[in-house]
Each structure stands twice: as C-alpha cells, then as structure tokens.
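S.K.: Got model_18.pdb for you, PDB, C-alpha atoms:
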ATOM      1  CA  MET B1303    -125.569 110.359-116.378
ATOM      2  CA  ASN B1304    -126.648 110.014-120.023
ATOM      3  CA  ARG B1305    -123.006 110.272-121.119
ATOM      4  CA  ILE B1306    -122.007 107.198-119.119
ATOM      5  CA  PRO B1307    -121.812 104.106-121.380
ATOM      6  CA  ILE B1308    -124.720 101.685-121.048
ATOM      7  CA  VAL B1309    -122.943  98.787-119.298
ATOM      8  CA  THR B1310    -121.104 101.030-116.864
ATOM      9  CA  LYS B1311    -124.361 102.846-116.091
ATOM     10  CA  SER B1312    -126.167  99.529-115.558
ATOM     11  CA  ILE B1313    -123.455  98.283-113.196
ATOM     12  CA  LEU B1314    -123.709 101.476-111.165
ATOM     13  CA  MET B1315    -127.494 101.312-110.967
ATOM     14  CA  ILE B1316    -127.658  97.612-110.004
ATOM     15  CA  ASN B1317    -125.079  98.053-107.245
ATOM     16  CA  VAL B1318    -126.777 101.135-105.805
ATOM     17  CA  LEU B1319    -130.238  99.547-105.923
ATOM     18  CA  LEU B1320    -128.997  96.384-104.216
ATOM     19  CA  PHE B1321    -127.176  98.432-101.585
ATOM     20  CA  PHE B1322    -130.315 100.320-100.590
ATOM     21  CA  GLY B1323    -132.359  97.145-100.966
ATOM     22  CA  THR B1324    -130.086  95.508 -98.414
ATOM     23  CA  ILE B1325    -130.668  98.371 -95.978
ATOM     24  CA  VAL B1326    -134.448  98.113 -96.389
ATOM     25  CA  ALA B1327    -134.357  94.326 -96.013
ATOM     26  CA  GLU B1328    -132.420  94.642 -92.749
ATOM     27  CA  ARG B1329    -135.311  96.611 -91.258
ATOM     28  CA  TYR B1330    -137.460  93.553 -91.809
ATOM     29  CA  ASP B1331    -134.813  91.240 -90.314
ATOM     30  CA  LEU B1332    -133.930  89.848 -93.735
ATOM     31  CA  ASP B1333    -130.209  89.375 -94.364
ATOM     32  CA  LEU B1334    -129.689  89.443 -98.127
ATOM     33  CA  GLY B1335    -125.989  88.785 -97.596
ATOM     34  CA  MET B1336    -126.850  85.311 -96.343
ATOM     35  CA  TYR B1337    -128.049  84.504 -99.852
ATOM     36  CA  LEU B1338    -126.066  86.822-102.145
ATOM     37  CA  ASN B1339    -122.611  87.191-100.531
ATOM     38  CA  LEU B1340    -119.984  84.649-101.568
ATOM     39  CA  HIS B1341    -119.598  81.948 -98.920
ATOM     40  CA  PHE B1342    -116.735  79.494 -98.571
ATOM     41  CA  PHE B1343    -117.688  76.444-100.628
ATOM     42  CA  LEU B1344    -117.629  74.158 -97.554
ATOM     43  CA  ALA B1345    -120.115  76.392 -95.708
ATOM     44  CA  ASP B1346    -123.768  75.436 -95.392
ATOM     45  CA  ASN B1347    -125.002  78.574 -97.174
ATOM     46  CA  PHE B1348    -122.759  78.346-100.238
ATOM     47  CA  ASN B1349    -124.204  78.075-103.730
ATOM     48  CA  LEU B1350    -122.612  78.574-107.138
ATOM     49  CA  ALA B1351    -124.756  81.593-108.019
ATOM     50  CA  GLN B1352    -122.946  83.551-105.303
ATOM     51  CA  LEU B1353    -119.850  83.681-107.532
ATOM     52  CA  PHE B1354    -121.885  86.139-109.595
ATOM     53  CA  THR B1355    -124.177  87.836-107.067
ATOM     54  CA  TYR B1356    -121.464  88.711-104.534
ATOM     55  CA  MET B1357    -119.920  91.322-106.811
ATOM     56  CA  PHE B1358    -123.075  93.437-106.544
ATOM     57  CA  MET B1359    -123.183  93.428-102.737
ATOM     58  CA  HIS B1360    -121.405  95.908-100.440
ATOM     59  CA  ALA B1361    -120.832  96.143 -96.699
ATOM     60  CA  ASN B1362    -121.199  99.897 -96.166
ATOM     61  CA  PHE B1363    -121.373 103.287 -97.875
ATOM     62  CA  ALA B1364    -117.597 103.757 -98.148
ATOM     63  CA  HIS B1365    -117.258 100.294 -99.687
ATOM     64  CA  ILE B1366    -119.760 100.944-102.466
ATOM     65  CA  PHE B1367    -118.739 104.583-102.987
ATOM     66  CA  PHE B1368    -115.091 103.900-103.774
ATOM     67  CA  ASN B1369    -115.875 100.844-105.885
ATOM     68  CA  MET B1370    -118.497 102.643-107.942
ATOM     69  CA  PHE B1371    -116.293 105.717-108.254
ATOM     70  CA  ALA B1372    -113.605 103.511-109.838
ATOM     71  CA  VAL B1373    -116.174 101.815-112.096
ATOM     72  CA  TRP B1374    -117.363 105.218-113.273
ATOM     73  CA  MET B1375    -113.891 106.728-113.640
ATOM     74  CA  PHE B1376    -112.056 103.862-115.335
ATOM     75  CA  GLY B1377    -114.891 101.631-116.528
ATOM     76  CA  SER B1378    -116.428 104.358-118.684
ATOM     77  CA  VAL B1379    -113.163 104.829-120.563
ATOM     78  CA  LEU B1380    -112.543 101.104-120.925
ATOM     79  CA  GLU B1381    -116.083 100.424-122.163
ATOM     80  CA  ARG B1382    -115.741 103.061-124.870
ATOM     81  CA  PHE B1383    -112.575 101.295-126.031
ATOM     82  CA  MET B1384    -113.869  97.707-125.739
ATOM     83  CA  GLY B1385    -117.507  98.187-126.645
ATOM     84  CA  PRO B1386    -120.400  97.217-124.339
ATOM     85  CA  ASN B1387    -120.513  93.458-124.995
ATOM     86  CA  ARG B1388    -116.814  92.866-124.516
ATOM     87  CA  PHE B1389    -116.645  95.148-121.495
ATOM     88  CA  LEU B1390    -119.524  93.287-119.836
ATOM     89  CA  LEU B1391    -117.766  89.975-120.465
ATOM     90  CA  PHE B1392    -114.517  91.403-119.081
ATOM     91  CA  TYR B1393    -116.244  92.707-115.937
ATOM     92  CA  ILE B1394    -117.987  89.408-115.208
ATOM     93  CA  VAL B1395    -114.885  87.295-115.889
ATOM     94  CA  CYS B1396    -112.814  89.473-113.541
ATOM     95  CA  GLY B1397    -115.486  89.351-110.834
ATOM     96  CA  VAL B1398    -116.078  85.606-111.033
ATOM     97  CA  GLY B1399    -112.329  84.969-111.288
ATOM     98  CA  ALA B1400    -111.759  87.051-108.166
ATOM     99  CA  GLY B1401    -114.341  84.944-106.344
ATOM    100  CA  LEU B1402    -112.657  81.708-107.420
ATOM    101  CA  VAL B1403    -109.259  82.910-106.206
ATOM    102  CA  GLN B1404    -110.831  83.962-102.910
ATOM    103  CA  GLU B1405    -112.259  80.455-102.520
ATOM    104  CA  VAL B1406    -108.788  78.979-103.027
ATOM    105  CA  ALA B1407    -107.303  81.418-100.502
ATOM    106  CA  GLN B1408    -109.947  80.436 -97.963
ATOM    107  CA  LEU B1409    -109.288  76.752 -98.616
ATOM    108  CA  VAL B1410    -105.607  77.310 -97.812
ATOM    109  CA  THR B1411    -106.624  79.111 -94.611
ATOM    110  CA  TYR B1412    -109.031  76.303 -93.737
ATOM    111  CA  TYR B1413    -106.263  73.699 -93.867
ATOM    112  CA  SER B1414    -103.519  75.892 -92.409
ATOM    113  CA  MET B1415    -105.708  76.549 -89.358
ATOM    114  CA  GLY B1416    -106.363  72.839 -89.013
ATOM    115  CA  LEU B1417    -110.126  73.281 -89.222
ATOM    116  CA  ASN B1418    -110.354  70.208 -91.410
ATOM    117  CA  MET B1419    -109.559  68.149 -88.301
ATOM    118  CA  TYR B1420    -112.740  69.192 -86.482
ATOM    119  CA  ASP B1421    -116.477  68.777 -86.937
ATOM    120  CA  GLY B1422    -117.312  71.964 -85.104
ATOM    121  CA  VAL B1423    -116.080  74.961 -83.147
ATOM    122  CA  ASN B1424    -116.539  75.466 -79.413
ATOM    123  CA  PRO B1425    -117.434  79.136 -78.773
ATOM    124  CA  GLY B1426    -117.019  78.772 -74.988
ATOM    125  CA  PHE B1427    -119.122  80.546 -72.355
ATOM    126  CA  GLY B1428    -121.070  77.305 -71.828
ATOM    127  CA  MET B1429    -122.532  77.476 -75.335
ATOM    128  CA  PRO B1430    -122.930  74.313 -77.418
ATOM    129  CA  PRO B1431    -120.412  73.630 -80.214
ATOM    130  CA  ILE B1432    -121.144  75.194 -83.593
ATOM    131  CA  PRO B1433    -121.099  72.692 -86.513
ATOM    132  CA  MET B1434    -118.218  73.467 -88.872
ATOM    133  CA  GLY B1435    -120.461  74.095 -91.862
ATOM    134  CA  GLU B1436    -122.428  76.655 -89.867
ATOM    135  CA  TYR B1437    -119.281  78.292 -88.477
ATOM    136  CA  LEU B1438    -117.876  78.670 -91.972
ATOM    137  CA  ASN B1439    -120.933  80.701 -92.948
ATOM    138  CA  TYR B1440    -119.154  83.650 -91.323
ATOM    139  CA  TRP B1441    -116.527  83.495 -94.099
ATOM    140  CA  GLN B1442    -118.219  85.789 -96.580
ATOM    141  CA  THR B1443    -116.968  87.941 -99.428
ATOM    142  CA  ALA B1444    -118.883  90.852-100.932
ATOM    143  CA  GLY B1445    -118.160  93.748-103.260
ATOM    144  CA  ALA B1446    -117.182  94.706-106.768
ATOM    145  CA  SER B1447    -113.521  95.146-105.814
ATOM    146  CA  GLY B1448    -112.288  92.087-107.742
ATOM    147  CA  ALA B1449    -113.961  93.287-110.934
ATOM    148  CA  VAL B1450    -112.737  96.834-110.244
ATOM    149  CA  PHE B1451    -109.145  95.642-109.969
ATOM    150  CA  GLY B1452    -109.607  93.930-113.319
ATOM    151  CA  ILE B1453    -110.798  97.241-114.748
ATOM    152  CA  LEU B1454    -107.735  98.996-113.302
ATOM    153  CA  LEU B1455    -105.488  96.422-114.929
ATOM    154  CA  GLY B1456    -107.264  96.789-118.277
ATOM    155  CA  PHE B1457    -106.976 100.576-118.092
ATOM    156  CA  GLY B1458    -103.291 100.368-117.207
ATOM    157  CA  MET B1459    -102.567  97.993-120.105
ATOM    158  CA  ARG B1460    -104.545  99.986-122.661
ATOM    159  CA  PHE B1461    -103.513 103.468-121.506
ATOM    160  CA  PRO B1462    -100.181 102.808-119.723
ATOM    161  CA  ASN B1463     -98.804 106.331-120.031
ATOM    162  CA  ASP B1464    -101.951 108.237-119.091
ATOM    163  CA  ARG B1465    -101.336 110.241-115.931
ATOM    164  CA  ILE B1466    -103.820 110.052-113.067
ATOM    165  CA  PHE B1467    -103.998 111.815-109.722
ATOM    166  CA  ILE B1468    -104.104 109.504-106.697
ATOM    167  CA  PHE B1469    -104.882 111.060-103.330
ATOM    168  CA  PRO B1470    -102.785 111.871-101.304
ATOM    169  CA  ILE B1471     -99.888 111.723-103.823
ATOM    170  CA  PRO B1472     -99.324 115.381-104.841
ATOM    171  CA  PHE B1473     -98.281 114.623-108.429
ATOM    172  CA  PRO B1474     -99.752 112.613-111.324
ATOM    173  CA  VAL B1475     -98.699 108.974-111.729
ATOM    174  CA  LYS B1476     -98.632 106.995-114.963
ATOM    175  CA  ALA B1477    -101.381 104.388-115.051
ATOM    176  CA  LYS B1478     -98.965 101.489-115.536
ATOM    177  CA  TRP B1479     -96.979 102.372-112.389
ATOM    178  CA  PHE B1480    -100.167 102.874-110.405
ATOM    179  CA  VAL B1481    -101.452  99.415-111.375
ATOM    180  CA  ILE B1482     -98.120  97.693-110.717
ATOM    181  CA  GLY B1483     -97.730  99.448-107.372
ATOM    182  CA  TYR B1484    -101.287  98.679-106.296
ATOM    183  CA  ALA B1485    -100.881  95.007-107.214
ATOM    184  CA  ALA B1486     -97.622  94.812-105.242
ATOM    185  CA  VAL B1487     -99.280  96.315-102.166
ATOM    186  CA  GLU B1488    -102.199  93.871-102.388
ATOM    187  CA  LEU B1489     -99.809  90.935-102.697
ATOM    188  CA  LEU B1490     -97.803  92.124 -99.700
ATOM    189  CA  LEU B1491    -100.922  92.567 -97.590
ATOM    190  CA  GLY B1492    -102.338  89.250 -98.742
ATOM    191  CA  VAL B1493     -99.317  87.165 -97.761
ATOM    192  CA  SER B1494     -98.612  89.048 -94.523
ATOM    193  CA  ASN B1495     -99.586  87.110 -91.417
ATOM    194  CA  ASN B1496     -99.933  90.366 -89.519
ATOM    195  CA  VAL B1497    -102.839  91.745 -91.529
ATOM    196  CA  HIS B1498    -106.340  91.172 -90.168
ATOM    197  CA  ASP B1499    -108.316  93.867 -91.960
ATOM    198  CA  ASN B1500    -111.193  91.787 -93.361
ATOM    199  CA  VAL B1501    -110.153  92.778 -96.882
ATOM    200  CA  ALA B1502    -110.095  90.104 -99.595
ATOM    201  CA  HIS B1503    -106.659  90.978-100.971
ATOM    202  CA  PHE B1504    -106.353  87.747-102.942
ATOM    203  CA  ALA B1505    -109.744  88.383-104.536
ATOM    204  CA  HIS B1506    -108.379  91.723-105.765
ATOM    205  CA  LEU B1507    -105.358  89.988-107.219
ATOM    206  CA  GLY B1508    -107.648  87.336-108.696
ATOM    207  CA  GLY B1509    -109.593  90.000-110.563
ATOM    208  CA  MET B1510    -106.343  91.284-112.014
ATOM    209  CA  LEU B1511    -105.152  87.775-112.880
ATOM    210  CA  PHE B1512    -108.293  86.803-114.774
ATOM    211  CA  GLY B1513    -108.379  90.193-116.474
ATOM    212  CA  LEU B1514    -104.782  89.686-117.587
ATOM    213  CA  LEU B1515    -105.504  86.193-118.910
ATOM    214  CA  LEU B1516    -108.493  87.442-120.911
ATOM    215  CA  ILE B1517    -106.540  90.369-122.347
ATOM    216  CA  LEU B1518    -103.655  88.075-123.312
ATOM    217  CA  TYR B1519    -106.156  85.786-125.040
ATOM    218  CA  TRP B1520    -107.599  88.740-126.963
ATOM    219  CA  LYS B1521    -104.075  89.859-127.888
ATOM    220  CA  TYR B1522    -103.318  86.349-129.158
ATOM    221  CA  LYS B1523    -106.478  86.547-131.284
ATOM    222  CA  ARG B1524    -105.445  90.086-132.309
ATOM    223  CA  GLU B1525    -108.662  91.452-130.873
ATOM    224  CA  TRP B1526    -107.106  93.875-128.364
TER     225      TRP B1526
END
Just give me the structure as structure tokens.
M.R.:
Amino acid sequence: MNRIPIVTKSILMINVLLFFGTIVAERYDLDLGMYLNLHFFLADNFNLAQLFTYMFMHANFAHIFFNMFAVWMFGSVLERFMGPNRFLLFYIVCGVGAGLVQEVAQLVTYYSMGLNMYDGVNPGFGMPPIPMGEYLNYWQTAGASGAVFGILLGFGMRFPNDRIFIFPIPFPVKAKWFVIGYAAVELLLGVSNNVHDNVAHFAHLGGMLFGLLLILYWKYKREW
C-alpha cells in the first residue's frame, strides 16, 4: 500500500470509508445517498455539492470493487506521470464533468418523456399523486465511474501502445484500442432505447470528454 501514490491512495481510502460508512448508516435508517448521490437538478434533494460528493459513493460491493481496481491499476501509473497535484485536478475535473453530462442526459430524458407537462406522477393503487420534484429524487447517480473513464482515456493517450489483458479476451490489447472500443460500446448503450440497465453511460462518456478537453488544453500549453 505504501507504494501507491498519495492521491491514488487517498481516493481509494475515501471511497472505501464512505462505502462502509453508508452500510453502517443504513442500520440506523440514515440514507447517505439522499444527501451525497447526484440528483437531477430539478429534484427536491439536489444541491451543487453533489457534483463532487457523488463520485465517492457506490451502490454495492461489485460497483466499488471494479472502480477502485481501475483507479489502483491505471491511476497509479497516471499519477506517477502527471504528479499528484495535476492528477488530483484531472480526477476531479473528469468526475464533475461526468456529473454535468449526466445532468444534461437526464434533462433530455425529462423532456422526451413529457414529464415537463405534469406537476406530479400518479403511482396508482389508490395512492395520492407524487409531486414531480419528489418523484425526480429517484433519479440518482453515484460512483467513481466517470472519473475512472477519464483515467482510462488519459492512460490510453499517454501509453497508447502498452498492452493490457482484459478478461475474458485471451490476448493482450493495446491501450488505445481498448479505450476506443470501450467508448464506442458506452455510446452505443447510451443511445440505445432498448437498454434499461441503470448504468450512467453518458456520465462515463462525460468523464472521457472532460478528460480529453483538459489533456488537449495541457497539450496546447505544452504541459503534457
């Protein structure tokens, strides 16, 4: 653990502590996600701080395990190249950018579903209508995935020809092809009307987009 760079180590520790803190809080009927997950900006429980806090929240063990595995595997290498201060900035920009793109994607969904035409939602079963702002509280985003996708992009751009093993592919793949292929899959899943997997595909792409914009800025300044 001592060989892991300081920012990467801190990210891992904060995410793990918050994950177990969430489990403990649930035993006392306290839902930390209500405050820390990213809500749609028209929802009652939305606040701007969630654009930052959401990237340290996770839904379950598999969610946090694979995200933190990627942070450890690729983030450690990228931090050693960038340095701690720049890597921290890159991680936060990718995470916040992913949240902003997710908000835009949800806004498109909000209008495409015609929810803007109603003040509430009728759940049926003789229950009273739910005010729209309260109903929209169910639209929540959590996880470091957006920032992780930014890290993957940064790794692929800095070490494009490095070969990595991706399960279950039985042969190594160059980092640049892995990143391009992963982005294409996320875009396909994001625009498909047949996908209802509760995965924020556009947030993943948003992390990549903001990571790309920051890297291009650094290249323009000849700092990459």
S.K.: Please provide as a list of chain:residue names all residues within 12 Å of Leu1350 in chain B, with the sequence filter that same-chain residues fewer than 2 positions apart are discarded (counting all atoms listed in the file).
M.R.: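 That gives B:Tyr1337, B:Leu1338, B:Asn1339, B:Leu1340, B:His1341, B:Phe1342, B:Phe1343, B:Leu1344, B:Ala1345, B:Asn1347, B:Phe1348, B:Gln1352, B:Leu1353, B:Phe1354, B:Thr1355, B:Tyr1356, B:Val1398, B:Gly1401, B:Leu1402, B:Glu1405.
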S.K.: Once the PyMOL selection byres ((chain B and resi 1412) around 12) has been evaluated on this model, what residues remain selected, and can you format them as a list of chain:residue names?
M.R.: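 Here the PyMOL selection byres ((chain B and resi 1412) around 12) matches B:Phe1342, B:Phe1343, B:Leu1344, B:Ala1345, B:Glu1405, B:Val1406, B:Ala1407, B:Gln1408, B:Leu1409, B:Val1410, B:Thr1411, B:Tyr1413, B:Ser1414, B:Met1415, B:Gly1416, B:Leu1417, B:Asn1418, B:Met1419, B:Tyr1420, B:Met1434, B:Gly1435, B:Tyr1437, B:Leu1438, B:Trp1441.
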S.K.: Convert the output of the PyMOL selection byres ((chain B and resi 1308) around 10) on the shown file into explicit residues, formatted as a list in words.
M.R.: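 Given this file, the PyMOL selection byres ((chain B and resi 1308) around 10) evaluates to Met1303, Asn1304, Arg1305, Ile1306, Pro1307, Val1309, Thr1310, Lys1311, Ser1312, Ile1313, Leu1314, Ser1378, Glu1381, Arg1382, Gly1385, Pro1386 and Leu1390 of chain B.
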S.K.: Could you spell out the hits of the PyMOL selection byres ((chain B and resi 1455-1472) around 7) on the shown file, as a list in words?
M.R.: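 Answer for the PyMOL selection byres ((chain B and resi 1455-1472) around 7): Phe1376, Leu1380, Phe1451, Gly1452, Ile1453, Leu1454, Phe1473, Pro1474, Val1475, Lys1476, Ala1477, Lys1478, Val1481, Met1510 and Gly1513 of chain B.
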S.K.: What residues have an atom no more than 12 Å from (-104.0, 94.4, -128.2) in the file's own frame, counting all atoms listed in the file, and can you write them as an MDAnalysis selection string?
M.R.: chainID B and resid 1383:1384 1456 1459:1461 1514 1516:1526
S.K.: Which distance in Å separates CA of Asn1439 in chain B and CA of Asp1346 in chain B, to one decimal?
M.R.: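 Going from CA of Asn1439 in chain B over to CA of Asp1346 in chain B, I get 6.5 Å.
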S.K.: Can you pull out every residue within 8 Å of Ala1502 in chain B, counting all atoms listed in the file, but drop anything in the same chain fewer than 5 positions away, and send it as a ChimeraX atom specification?
M.R.: /B:1404,1443,1492
S.K.: Here is a test: counting only C-alpha atoms, which residue of B:Gly1508, B:Val1318, B:Gly1428, B:Pro1433 is nearest to Phe1371 in chain B?
M.R.: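 So, comparing all the options, the nearest one is B:Val1318.
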S.K.: Return the single residue from B:Gln1442, B:Cys1396, B:Phe1480, B:Asn1424 that is closest to Val1501 in chain B, with distances computed using only C-alpha atoms.
M.R.: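 Among B:Gln1442, B:Cys1396, B:Phe1480, B:Asn1424, it is B:Gln1442 that comes nearest to Val1501 in chain B.
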S.K.: In Å, rounded to a single decimal, give me how far CA of Ala1444 in chain B is from CA of Gly1399 in chain B.
M.R.: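 Taking CA of Gly1399 in chain B and CA of Ala1444 in chain B, their separation equals 13.6 Å.
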S.K.: Would you please work out which residue, of B:Val1403, B:Ala1351, B:Ile1432, B:Ala1446, is nearest to Phe1368 in chain B when using all atoms listed in the file?
M.R.: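 So, comparing all the options, the nearest one is B:Ala1446.
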S.K.: CA of Glu1436 in chain B and CA of Ala1364 in chain B, how far apart in Å?
M.R.: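 Here the two named atoms are 28.7 Å from each other.
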